[in-house]
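Dropping coords-v6.cif in here (mmCIF, C-alpha atoms):
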data_input
loop_
_atom_site.label_atom_id
_atom_site.label_comp_id
_atom_site.auth_asym_id
_atom_site.auth_seq_id
_atom_site.Cartn_x
_atom_site.Cartn_y
_atom_site.Cartn_z
CA MET L 360 23.00 -23.10 -10.42
CA GLY L 361 23.83 -20.35 -12.88
CA LYS L 362 25.06 -16.93 -11.89
CA VAL L 363 22.30 -14.38 -11.69
CA THR L 364 22.53 -12.13 -14.72
CA PRO L 365 22.33 -8.37 -14.17
CA LYS L 366 19.39 -8.13 -16.57
CA SER L 367 17.00 -10.45 -18.33
CA PRO L 368 18.27 -11.84 -21.66
CA LEU L 369 17.86 -9.56 -24.68
CA PRO L 370 15.12 -11.60 -26.43
CA ILE L 371 12.99 -11.52 -23.28
CA ARG L 372 13.48 -7.78 -22.93
CA ILE L 373 12.51 -7.21 -26.58
CA ALA L 374 9.43 -9.41 -26.20
CA ALA L 375 8.48 -7.60 -22.96
CA LEU L 376 8.95 -4.24 -24.67
CA ALA L 377 6.69 -5.32 -27.55
CA ILE L 378 3.97 -6.55 -25.17
CA CYS L 379 4.18 -3.36 -23.09
CA ALA L 380 4.04 -1.13 -26.18
CA GLY L 381 0.91 -2.98 -27.32
CA VAL L 382 -0.76 -2.80 -23.90
CA GLY L 383 0.23 0.86 -23.54
CA ALA L 384 -1.18 1.82 -26.95
CA LEU L 385 -4.49 0.02 -26.27
CA LEU L 386 -4.78 1.52 -22.77
CA SER L 387 -4.11 5.06 -24.03
CA ARG L 388 -6.71 4.64 -26.76
CA ALA L 389 -9.21 3.32 -24.22
CA VAL L 390 -8.75 6.10 -21.66
CA LEU L 391 -8.90 8.82 -24.33
CA ALA L 392 -12.08 7.31 -25.76
CA ILE L 393 -14.06 7.81 -22.52
CA PRO L 394 -16.65 10.51 -23.33
CA GLU L 395 -16.96 13.70 -21.27
CA THR L 396 -20.63 13.11 -20.58
CA GLU L 397 -22.55 12.46 -17.40
CA SER L 398 -22.60 8.67 -17.43
CA GLY L 399 -20.93 7.83 -14.12
CA LEU L 400 -22.63 7.06 -10.83
CA ALA L 401 -22.12 10.55 -9.37
CA PRO L 402 -25.76 11.65 -9.94
CA LEU L 403 -27.00 8.47 -8.25
CA VAL L 404 -24.72 9.08 -5.26
CA ASP L 405 -25.87 12.72 -5.04
CA ALA L 406 -29.52 11.70 -5.17
CA ASN L 407 -29.15 9.18 -2.34
CA LEU L 408 -26.66 11.06 -0.16
CA GLU L 409 -29.51 12.45 1.94
CA ALA L 410 -30.67 8.92 2.85
CA SER L 411 -27.19 7.51 3.57
CA GLY L 412 -26.83 9.11 7.00
CA VAL L 413 -23.55 10.96 6.31
CA LYS L 414 -22.67 14.08 4.32
CA ASN L 415 -19.29 13.04 2.87
CA ALA L 416 -19.98 11.25 -0.42
CA VAL L 417 -16.82 9.09 -0.23
CA THR L 418 -17.71 7.85 3.26
CA ALA L 419 -21.28 7.16 2.11
CA VAL L 420 -20.00 5.06 -0.81
CA LEU L 421 -17.49 3.18 1.36
CA LEU L 422 -19.71 2.34 4.32
CA ASN L 423 -23.20 2.37 2.85
CA PHE L 424 -23.61 2.09 -0.93
CA ARG L 425 -20.64 -0.22 -1.47
CA GLY L 426 -20.45 -1.75 2.00
CA TYR L 427 -19.67 -5.15 0.51
CA ASP L 428 -16.39 -3.87 -0.91
CA THR L 429 -15.28 -2.51 2.42
CA LEU L 430 -16.35 -5.65 4.29
CA LEU L 431 -14.38 -7.86 1.91
CA GLU L 432 -11.47 -5.45 1.99
CA ILE L 433 -11.04 -5.66 5.75
CA ALA L 434 -11.20 -9.46 5.34
CA VAL L 435 -8.36 -9.28 2.78
CA LEU L 436 -6.32 -7.11 5.17
CA MET L 437 -6.87 -9.58 7.98
CA LEU L 438 -5.81 -12.51 5.79
CA ALA L 439 -2.66 -10.69 4.63
CA THR L 440 -1.76 -10.02 8.27
CA ILE L 441 -2.30 -13.68 9.18
CA GLY L 442 0.01 -14.56 6.26
CA VAL L 443 2.74 -12.19 7.41
CA LEU L 444 2.40 -13.34 11.04
CA SER L 445 2.83 -16.98 10.04
CA LEU L 446 5.87 -16.15 7.90
CA SER L 447 7.74 -14.25 10.60
CA VAL L 448 10.39 -16.63 11.87
CA THR L 449 11.10 -15.07 15.24
CA GLN L 450 8.72 -13.34 17.62
CA LYS L 451 5.32 -13.72 16.07
CA GLY L 452 3.59 -10.37 15.99
CA THR L 453 4.82 -9.11 19.32
CA TRP L 454 5.51 -5.46 19.75
CA ASP L 455 9.18 -5.58 20.42
CA PRO L 456 11.63 -2.80 19.76
CA ILE L 457 13.17 -2.87 16.30
CA ALA L 458 15.98 -0.42 16.91
CA ALA L 459 18.43 -1.81 19.47
CA GLN L 460 19.48 1.57 20.81
CA ALA L 461 17.24 4.28 19.47
CA ASP L 462 18.39 7.82 19.05
CA PRO L 463 17.33 9.75 22.23
CA VAL L 464 16.14 12.69 20.10
CA LEU L 465 14.02 10.35 17.97
CA SER L 466 12.48 8.62 20.96
CA ALA L 467 11.69 11.95 22.65
CA LEU L 468 10.10 13.17 19.41
CA ALA L 469 8.11 9.93 19.08
CA ARG L 470 6.88 10.28 22.67
CA PHE L 471 5.61 13.76 21.79
CA LEU L 472 4.24 12.90 18.34
CA ALA L 473 2.43 9.62 19.05
CA PRO L 474 -0.36 11.10 21.22
CA VAL L 475 -0.81 13.94 18.72
CA MET L 476 -1.17 11.39 15.92
CA ILE L 477 -3.78 9.42 17.89
CA LEU L 478 -5.66 12.70 18.42
CA VAL L 479 -5.45 13.50 14.69
CA SER L 480 -6.80 10.06 13.84
CA GLY L 481 -9.73 10.57 16.21
CA TYR L 482 -10.44 13.87 14.49
CA LEU L 483 -10.22 12.30 11.02
CA LEU L 484 -12.62 9.55 12.09
CA TRP L 485 -15.16 12.06 13.35
CA ALA L 486 -14.69 14.51 10.47
CA GLY L 487 -15.19 11.73 7.91
CA GLU L 488 -18.92 12.17 8.34
CA HIS L 489 -18.96 15.54 6.53
CA ALA L 490 -15.41 16.28 5.29
CA PRO L 491 -12.41 14.39 3.86
CA GLY L 492 -11.50 11.69 6.38
CA GLY L 493 -12.89 8.44 7.72
CA ALA L 494 -11.84 5.03 8.94
CA PHE L 495 -9.09 4.45 6.37
CA GLN L 496 -7.32 7.75 6.88
CA ALA L 497 -7.69 7.50 10.67
CA GLY L 498 -6.46 3.90 10.65
CA SER L 499 -3.41 4.74 8.56
CA VAL L 500 -2.46 7.55 10.94
CA VAL L 501 -2.75 5.12 13.89
CA GLY L 502 -0.61 2.66 11.92
CA ALA L 503 2.02 5.30 11.18
CA ALA L 504 2.11 6.25 14.89
CA GLY L 505 2.73 2.60 15.81
CA VAL L 506 5.50 2.23 13.23
CA LEU L 507 7.14 5.42 14.54
CA LEU L 508 7.02 4.08 18.12
CA ALA L 509 8.48 0.72 17.06
CA LEU L 510 11.28 2.42 15.12
CA SER L 511 12.17 4.65 18.08
CA GLY L 512 12.75 1.64 20.27
CA TYR L 513 9.56 1.52 22.31
CA ALA L 514 8.61 -1.99 23.34
CA ARG L 515 5.09 -3.30 23.42
CA PRO L 516 3.39 -2.09 26.61
CA ALA L 517 2.90 -4.96 29.04
CA TRP L 518 -0.85 -4.49 29.14
CA ILE L 519 -1.16 -5.31 25.44
CA SER L 520 -0.96 -9.09 25.34
CA ARG L 521 -0.48 -11.06 22.14
CA PHE L 522 -4.12 -12.01 22.42
CA ALA L 523 -5.14 -8.36 22.61
CA LEU L 524 -3.16 -7.56 19.47
CA ARG L 525 -4.84 -10.40 17.59
CA ALA L 526 -8.23 -9.29 18.88
CA ALA L 527 -7.51 -5.75 17.65
CA ILE L 528 -6.60 -7.12 14.21
CA SER L 529 -9.90 -8.96 13.82
CA VAL L 530 -12.36 -6.72 15.71
CA GLY L 531 -13.14 -4.49 12.69
CA PHE L 532 -14.20 -7.42 10.55
CA ILE L 533 -16.18 -9.02 13.40
CA VAL L 534 -18.11 -5.83 14.25
CA PHE L 535 -18.76 -5.12 10.55
CA ILE L 536 -20.17 -8.57 9.85
CA ALA L 537 -22.14 -8.56 13.13
CA VAL L 538 -23.80 -5.27 12.12
CA ALA L 539 -24.48 -6.65 8.62
CA ILE L 540 -26.13 -9.80 9.99
CA GLY L 541 -27.97 -7.80 12.66
CA GLU L 542 -29.57 -5.71 9.91
CA MET L 543 -30.67 -8.90 8.19
CA ILE L 544 -32.24 -10.24 11.38
CA ALA L 545 -33.97 -6.90 11.96
CA GLY L 546 -35.80 -7.42 8.70
CA GLY L 547 -33.62 -5.65 6.16
CA LEU L 548 -31.07 -6.95 3.70
CA LEU L 549 -27.41 -7.65 4.37
CA LEU L 550 -25.68 -4.26 4.90
CA GLN L 551 -28.92 -2.32 4.51
CA TYR L 552 -28.87 0.23 7.33
CA PRO L 553 -32.19 1.23 8.89
CA ALA L 554 -32.62 4.93 8.04
CA ASP L 555 -32.82 6.27 11.61
CA LEU L 556 -29.81 4.27 12.86
CA ALA L 557 -27.60 4.59 9.76
CA LYS L 558 -25.30 7.29 11.14
CA THR L 559 -24.80 5.58 14.53
CA LEU L 560 -24.15 2.17 13.01
CA MET L 561 -21.73 3.53 10.43
CA LEU L 562 -19.79 5.41 13.11
CA LEU L 563 -19.69 2.23 15.23
CA VAL L 564 -18.33 0.19 12.31
CA GLU L 565 -15.86 2.93 11.38
CA THR L 566 -14.52 3.22 14.92
CA TRP L 567 -13.66 -0.47 15.10
CA LEU L 568 -12.39 -0.44 11.52
CA THR L 569 -9.96 2.30 12.58
CA VAL L 570 -8.71 0.17 15.48
CA SER L 571 -8.31 -2.85 13.20
CA ILE L 572 -6.63 -1.02 10.31
CA GLY L 573 -4.20 0.62 12.74
CA ALA L 574 -3.40 -2.70 14.45
CA ILE L 575 -3.05 -4.45 11.08
CA LEU L 576 -0.63 -1.88 9.66
CA VAL L 577 1.49 -1.92 12.82
CA SER L 578 1.50 -5.75 12.89
CA LEU L 579 2.41 -5.95 9.20
CA PHE L 580 5.43 -3.80 9.91
CA ILE L 581 6.51 -5.28 13.24
CA ALA L 582 5.96 -8.93 12.33
CA SER L 583 7.88 -8.59 9.09
CA ALA L 584 10.64 -6.32 10.41
CA SER L 585 13.81 -8.02 11.52
CA PRO L 586 14.11 -7.89 15.30
CA ALA L 587 16.96 -6.01 16.93
CA GLU L 588 19.10 -9.03 17.84
CA GLU L 589 18.95 -10.47 14.36
CA LEU L 590 19.96 -7.14 12.82
CA ARG L 591 22.86 -6.81 15.26
CA MET L 592 24.01 -10.35 14.48
CA ARG L 593 23.72 -9.76 10.77
CA SER L 594 25.71 -6.53 10.74
CA GLY L 595 28.24 -8.04 13.15
CA GLY L 596 28.70 -11.00 10.84
CA GLU L 597 29.39 -8.82 7.85
CA ARG L 598 31.93 -6.47 9.31
CA MET J 584 -7.49 25.45 -15.97
CA THR J 585 -4.86 28.19 -15.68
CA ALA J 586 -1.57 28.15 -17.57
CA SER J 587 0.43 27.80 -14.33
CA GLY J 588 -1.81 24.84 -13.40
CA TRP J 589 -0.93 23.17 -16.68
CA VAL J 590 2.79 23.77 -16.22
CA PHE J 591 2.60 22.31 -12.71
CA ASP J 592 0.59 19.26 -13.82
CA ILE J 593 2.90 18.50 -16.75
CA LEU J 594 6.00 18.88 -14.55
CA LEU J 595 4.44 16.66 -11.87
CA VAL J 596 3.43 13.94 -14.32
CA GLY J 597 6.80 14.07 -16.06
CA THR J 598 8.64 13.76 -12.73
CA LEU J 599 6.44 10.82 -11.69
CA VAL J 600 7.16 8.91 -14.91
CA TRP J 601 10.87 9.70 -14.66
CA LEU J 602 11.03 8.57 -10.99
CA ALA J 603 9.19 5.34 -11.85
CA VAL J 604 11.67 4.54 -14.63
CA ARG J 605 14.66 5.41 -12.43
CA ALA J 606 13.37 3.34 -9.48
CA LEU J 607 13.08 0.25 -11.68
CA ALA J 608 16.31 0.83 -13.61
CA GLU J 609 18.42 1.35 -10.47
CA VAL J 610 20.57 -1.68 -9.62
CA LYS J 611 21.26 -0.63 -6.00
CA LEU J 612 18.24 -1.66 -3.93
CA PHE J 613 18.53 1.19 -1.41
CA LYS J 614 18.61 3.84 -4.14
CA ALA J 615 15.68 2.20 -5.90
CA VAL J 616 13.61 2.30 -2.70
CA VAL J 617 14.50 5.95 -1.98
CA LEU J 618 13.43 6.88 -5.53
CA PHE J 619 10.18 4.98 -4.97
CA ILE J 620 9.49 6.82 -1.69
CA ALA J 621 9.95 10.13 -3.54
CA PHE J 622 7.51 8.79 -6.13
CA GLY J 623 4.96 8.01 -3.38
CA LEU J 624 5.21 11.55 -1.94
CA LEU J 625 4.60 13.10 -5.35
CA VAL J 626 1.62 10.78 -5.92
CA ALA J 627 0.01 12.28 -2.79
CA LEU J 628 0.54 15.72 -4.36
CA ALA J 629 -1.14 14.53 -7.56
CA TRP J 630 -4.26 13.47 -5.61
CA VAL J 631 -4.57 17.03 -4.30
CA ARG J 632 -4.29 18.34 -7.88
CA LEU J 633 -7.08 15.94 -8.91
CA SER J 634 -9.26 17.26 -6.02
CA ALA J 635 -9.28 13.94 -4.17
CA PRO J 636 -8.36 15.01 -0.59
CA ASP J 637 -9.72 11.76 0.88
CA ILE J 638 -7.17 9.78 -1.10
CA ALA J 639 -4.36 12.27 -0.49
CA LEU J 640 -4.74 11.87 3.29
CA ALA J 641 -4.50 8.08 3.12
CA GLU J 642 -1.66 8.16 0.58
CA ALA J 643 0.46 10.54 2.66
CA ALA J 644 0.32 8.20 5.67
CA ILE J 645 0.51 4.90 3.79
CA GLY J 646 2.19 5.45 0.42
CA ALA J 647 4.96 7.62 1.72
CA GLY J 648 5.15 6.40 5.35
CA ILE J 649 4.34 2.76 5.95
CA THR J 650 5.26 1.37 2.50
CA GLY J 651 8.58 3.20 2.72
CA ALA J 652 9.31 1.77 6.18
CA LEU J 653 8.45 -1.75 4.95
CA LEU J 654 10.65 -1.45 1.85
CA LEU J 655 13.61 0.02 3.76
CA ASP J 656 13.37 -2.82 6.27
CA ALA J 657 13.39 -5.36 3.42
CA VAL J 658 16.47 -3.69 1.92
CA GLY J 659 18.18 -3.84 5.32
CA HIS J 660 17.34 -7.54 5.43
CA MET J 661 18.72 -8.22 1.95
CA ARG J 662 21.46 -5.59 2.16
CA GLY J 663 23.30 -4.41 -0.91
CA ARG J 664 23.02 -4.61 -4.65
CA ALA J 665 20.25 -6.29 -6.59
CA GLU J 666 22.63 -8.15 -8.89
CA PRO J 667 24.92 -10.00 -8.99
CA TYR J 668 23.96 -12.00 -5.95
CA PRO J 669 24.60 -13.59 -3.48
CA THR J 670 27.04 -11.57 -1.42
CA SER J 671 25.66 -11.92 2.12
CA PRO J 672 26.84 -14.29 4.87
CA ASP J 673 23.70 -16.35 4.30
CA ALA J 674 25.12 -17.35 0.91
CA GLU J 675 27.13 -20.26 2.33
CA LYS J 676 23.98 -21.70 3.87
CA SER J 677 22.23 -21.68 0.50
CA SER J 678 24.77 -23.83 -1.35
CA GLY J 679 24.04 -26.69 1.05
CA GLY J 680 20.29 -26.28 0.61
CA ASP J 681 20.54 -26.33 -3.17
CA ALA J 682 22.50 -29.58 -3.19
CA ASP J 683 19.58 -31.29 -1.45
CA GLY J 684 17.03 -30.01 -3.95
CA MET W 752 -6.46 17.69 -24.06
CA SER W 753 -7.91 18.06 -20.58
CA GLN W 754 -6.47 17.46 -17.13
CA THR W 755 -8.28 14.11 -17.12
CA ASP W 756 -6.53 13.14 -20.37
CA LEU W 757 -3.14 14.13 -18.95
CA TYR W 758 -3.54 12.06 -15.78
CA THR W 759 -5.18 9.01 -17.39
CA LEU W 760 -2.43 8.93 -20.02
CA ALA W 761 0.18 9.22 -17.24
CA GLY W 762 -1.63 6.39 -15.44
CA SER W 763 -1.46 4.17 -18.53
CA THR W 764 2.24 4.99 -18.92
CA LEU W 765 2.98 4.17 -15.27
CA PHE W 766 1.04 0.90 -15.55
CA VAL W 767 3.10 -0.11 -18.58
CA ILE W 768 6.39 0.90 -16.91
CA GLY W 769 5.48 -1.30 -13.95
CA LEU W 770 4.48 -4.15 -16.26
CA TYR W 771 7.81 -3.96 -18.08
CA GLY W 772 9.72 -3.90 -14.78
CA LEU W 773 7.73 -6.86 -13.49
CA MET W 774 8.62 -8.90 -16.56
CA THR W 775 12.27 -8.00 -16.97
CA ARG W 776 13.76 -7.31 -13.52
CA PRO W 777 14.94 -10.52 -11.84
CA HIS W 778 15.13 -9.21 -8.25
CA LEU W 779 11.99 -9.75 -6.17
CA LEU W 780 12.25 -6.32 -4.52
CA HIS W 781 12.22 -4.70 -7.96
CA LYS W 782 9.16 -6.77 -8.81
CA VAL W 783 7.40 -5.46 -5.68
CA LEU W 784 8.32 -1.88 -6.66
CA ALA W 785 7.06 -2.57 -10.19
CA LEU W 786 3.72 -3.85 -8.88
CA ASN W 787 3.36 -0.75 -6.69
CA ILE W 788 4.09 1.54 -9.66
CA SER W 789 1.54 -0.35 -11.77
CA SER W 790 -1.11 0.02 -9.08
CA ALA W 791 -0.35 3.76 -8.83
CA GLY W 792 -1.01 3.87 -12.59
CA VAL W 793 -4.38 2.17 -12.13
CA PHE W 794 -5.29 4.66 -9.38
CA PHE W 795 -4.38 7.58 -11.67
CA VAL W 796 -6.68 6.28 -14.40
CA LEU W 797 -9.56 5.83 -11.91
CA VAL W 798 -9.19 9.24 -10.23
CA GLY W 799 -8.66 10.90 -13.62
CA ILE W 800 -11.90 9.39 -14.92
CA ALA W 801 -13.70 10.53 -11.75
CA ARG W 802 -13.33 14.18 -12.76
CA ARG W 803 -13.68 13.97 -16.52
CA ILE W 804 -16.73 16.30 -16.64
CA PRO W 805 -15.40 19.86 -16.24
CA GLY W 806 -17.06 22.09 -13.67
CA THR W 807 -18.66 19.35 -11.56
CA THR W 808 -17.60 17.73 -8.30
CA PRO W 809 -15.62 14.51 -8.90
CA ASP W 810 -17.46 11.17 -8.89
CA PRO W 811 -16.99 9.78 -5.34
CA LEU W 812 -17.25 6.11 -6.41
CA PRO W 813 -13.79 5.80 -8.03
CA HIS W 814 -12.37 7.73 -5.05
CA ALA W 815 -13.76 5.14 -2.64
CA MET W 816 -12.39 2.34 -4.82
CA VAL W 817 -8.92 3.91 -4.89
CA LEU W 818 -9.01 4.42 -1.12
CA THR W 819 -9.64 0.71 -0.53
CA GLY W 820 -7.10 -0.06 -3.27
CA ILE W 821 -4.34 1.85 -1.47
CA VAL W 822 -4.88 -0.06 1.78
CA VAL W 823 -5.04 -3.41 -0.02
CA THR W 824 -1.84 -2.53 -1.94
CA VAL W 825 0.09 -1.83 1.26
CA SER W 826 -1.02 -5.12 2.84
CA SER W 827 -0.16 -7.14 -0.26
CA THR W 828 3.19 -5.32 -0.43
CA ALA W 829 3.88 -6.28 3.18
CA PHE W 830 2.97 -9.91 2.47
CA ALA W 831 5.10 -10.00 -0.71
CA LEU W 832 8.07 -8.49 1.15
CA ALA W 833 7.68 -11.01 3.98
CA LEU W 834 7.74 -13.82 1.40
CA ALA W 835 10.77 -12.30 -0.37
CA LYS W 836 12.68 -11.97 2.91
CA ARG W 837 11.85 -15.55 3.82
CA ILE W 838 13.13 -16.66 0.38
CA PHE W 839 16.30 -14.67 1.02
CA THR W 840 16.77 -16.27 4.45
CA GLU W 841 16.24 -19.77 3.05
CA THR W 842 18.23 -19.52 -0.19
CA GLY W 843 20.64 -16.60 0.27
CA THR W 844 19.24 -14.71 -2.71
CA ALA W 845 16.05 -12.90 -3.56
CA ALA W 846 16.72 -12.65 -7.30
CA LEU W 847 15.01 -14.96 -9.74
CA ASP W 848 17.19 -16.53 -12.40
CA ALA W 849 16.14 -18.13 -15.68
CA SER W 850 18.21 -21.22 -14.80
CA ASP W 851 16.14 -21.68 -11.60
CA VAL W 852 12.96 -22.39 -13.52
CA ASP W 853 13.27 -26.17 -13.70
CA VAL W 854 14.23 -26.32 -10.00
CA GLU W 855 11.08 -24.42 -9.05
CA GLU W 856 8.90 -26.66 -11.22
CA ASP W 857 10.35 -29.71 -9.46
CA ALA W 858 9.46 -28.22 -6.09
CA GLY W 859 5.95 -27.36 -7.23
CA GLY W 860 5.18 -30.81 -8.69
#
As structure tokens:
Amino acid sequence: MGKVTPKSPLPIRIAALAICAGVGALLSRAVLAIPETESGLAPLVDANLEASGVKNAVTAVLLNFRGYDTLLEIAVLMLATIGVLSLSVTQKGTWDPIAAQADPVLSALARFLAPVMILVSGYLLWAGEHAPGGAFQAGSVVGAAGVLLALSGYARPAWISRFALRAAISVGFIVFIAVAIGEMIAGGLLLQYPADLAKTLMLLVETWLTVSIGAILVSLFIASASPAEELRMRSGGER
Amino acid sequence: MTASGWVFDILLVGTLVWLAVRALAEVKLFKAVVLFIAFGLLVALAWVRLSAPDIALAEAAIGAGITGALLLDAVGHMRGRAEPYPTSPDAEKSSGGDADG
Amino acid sequence: MSQTDLYTLAGSTLFVIGLYGLMTRPHLLHKVLALNISSAGVFFVLVGIARRIPGTTPDPLPHAMVLTGIVVTVSSTAFALALAKRIFTETGTAALDASDVDVEEDAGG
């Protein structure tokens, strides 16, 4: 097997440069050619915002007008997590401490910050109805809180079993598709909210989406991160 | 838009492009990742400039936080320079595996 | 030249920078960084287009698409990094080499 070269061979780099210059020139032309006229979907969104059940246009698009996208997106997230979980060699998706001996200052800070972050995510979820926020922002804050806890050496609480973690990963998708099918049974179309229940149903879906997105982001990090013992072994082996 | 707004936007865009080039040109993996995390933070700033607060909120938590943690963990796993490789203790293991294949 | 033009042009530039990195950098971690930079470029074009009409509120549809895009990007990044780390554990290197190509084709076929 040949030694890995520091860079790709010159002919490849020249060819890549030529391709990129071509793509770049075409892209720039294309984006500059877009006219400054009202041809997007903004007027349509504005006209139907009243009927969507929420006041934040982005949330209305995500959960109502383009519900399919969001449904398929949470499915993609779930699949990616299943992929990462099956690739992790050691403890599969358990919440075990990543840092062997965490800094006491860091762990004290994490103990203080984590509840605040959960509170912030609850606020973002609720505010998403009328202001910037919603399930994705709330879920990413939950995920960040989990990553912070894992990095500061907190182990998975005993009451969260592996099964519970897996349930949390999939609950968003399950609730979303159950609501979608329920609407169909009730006489509508798939993902067509009945007008009087739209707000309640969207909040229900968003709440469980938040739980799932948070659990997925934490699992992606913890399952792929090298566990403490392996890191210790590795650094011990090198020095 | 005001003149100061233009200056800020042009500086921001220029820094983003420069950071992207540096992150990809850097041979040391750790440095490349740190440059990329700086890139992610500035991207969140750009969303605010483009009046997209919904995206800025998600980007600040994900782009700068979780992606950075994932990348730093991967660097810790692979440890060291991008090229030439291999230099880690796992290298001995690989020569045996290659002979089989 | 408007603010939209500035950011969509920057988006195109970032996309191309990522594309070049993806094609020429042999290390898998650099390829993951390159993909992330390319996707940031795509997001810039979308959000730039969303506010191309001066004096109006931005189009929420591209915003929603970018929001889902960001979350999908982080999960695909995590999956790609998990694969790269597994490759490193198995082979001792995470850099692709031109001389490896025939070996990989053998494994695939």
Can you write out as a Markdown table which residues of chain W fall within 7 Å of chain L, alongside each residue's closest atom pair and its distance in Å to one decimal, counting only C-alpha atoms and ordering rows by chain and ascending residue number?
| residue | atom | partner | partner_atom | distance |
| --- | --- | --- | --- | --- |
| W:Asp756 | CA | L:Leu391 | CA | 6.3 |
| W:Thr759 | CA | L:Val390 | CA | 6.3 |
| W:Leu760 | CA | L:Ser387 | CA | 5.8 |
| W:Ser763 | CA | L:Leu386 | CA | 6.0 |
| W:Thr764 | CA | L:Gly383 | CA | 6.5 |
| W:Val767 | CA | L:Cys379 | CA | 5.7 |
| W:Leu770 | CA | L:Cys379 | CA | 6.9 |
| W:Tyr771 | CA | L:Ala375 | CA | 6.1 |
| W:Met774 | CA | L:Ala375 | CA | 6.5 |
| W:Thr775 | CA | L:Ser367 | CA | 5.5 |
| W:Arg776 | CA | L:Lys366 | CA | 6.5 |
| W:Pro777 | CA | L:Ser367 | CA | 6.8 |
| W:Arg803 | CA | L:Glu395 | CA | 5.8 |
| W:Ile804 | CA | L:Glu395 | CA | 5.3 |
| W:Asp810 | CA | L:Ala401 | CA | 4.7 |
| W:Pro811 | CA | L:Val417 | CA | 5.2 |
| W:Leu812 | CA | L:Val420 | CA | 6.3 |
| W:His814 | CA | L:Val417 | CA | 6.7 |
| W:Ala815 | CA | L:Val417 | CA | 5.5 |
| W:Thr819 | CA | L:Glu432 | CA | 6.9 |
| W:Val823 | CA | L:Leu436 | CA | 6.5 |
| W:Ser826 | CA | L:Ala439 | CA | 6.1 |
| W:Ser827 | CA | L:Ala439 | CA | 6.5 |
| W:Ala829 | CA | L:Leu579 | CA | 6.2 |
| W:Phe830 | CA | L:Val443 | CA | 5.4 |
| W:Ala833 | CA | L:Ser583 | CA | 5.7 |
| W:Asp848 | CA | L:Val363 | CA | 5.6 |
| W:Ser850 | CA | L:Gly361 | CA | 6.0 |
| Explicit residue set for the PyMOL selection byres ((chain J and resi 634) around 12), as a VMD selection string | (chain L and resid 491) or (chain J and resid 627 to 633 635 to 640) or (chain W and resid 754 to 755 798 to 799 801 to 803 806 to 811 814)
| Within 9 Å of (11.8, -2.6, 5.0), in the coordinates the file gives, what residues turn up when you count only C-alpha atoms, written out as number ranges by chain? | L: 580, 583-585; J: 650-660; W: 829, 832
| Interatomic distance between atom CA of L:Ser520 and atom CA of L:Leu508? | 17.0 Å
Residues of chain W within 7 Å of chain J, counting all atoms listed in the file, as a compact mmCIF listing (two decimals) with C-alpha atoms, keeping the file's coordinate frame:
# COMPACT_ATOMS: atom_id res chain seq x y z
CA ALA W 761 0.18 9.22 -17.24
CA LEU W 765 2.98 4.17 -15.27
CA ILE W 768 6.39 0.90 -16.91
CA GLY W 772 9.72 -3.90 -14.78
CA HIS W 778 15.13 -9.21 -8.25
CA HIS W 781 12.22 -4.70 -7.96
CA ALA W 785 7.06 -2.57 -10.19
CA ILE W 788 4.09 1.54 -9.66
CA HIS W 814 -12.37 7.73 -5.05
CA LEU W 818 -9.01 4.42 -1.12
CA VAL W 825 0.09 -1.83 1.26
CA ALA W 829 3.88 -6.28 3.18
CA LEU W 832 8.07 -8.49 1.15
CA LYS W 836 12.68 -11.97 2.91
CA PHE W 839 16.30 -14.67 1.02
CA THR W 840 16.77 -16.27 4.45
CA GLU W 841 16.24 -19.77 3.05
CA THR W 842 18.23 -19.52 -0.19
CA GLY W 843 20.64 -16.60 0.27
CA THR W 844 19.24 -14.71 -2.71
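In this model, the gap between atom CA of L:Gly512 and atom CA of L:Ala467 comes to 10.6 Å.
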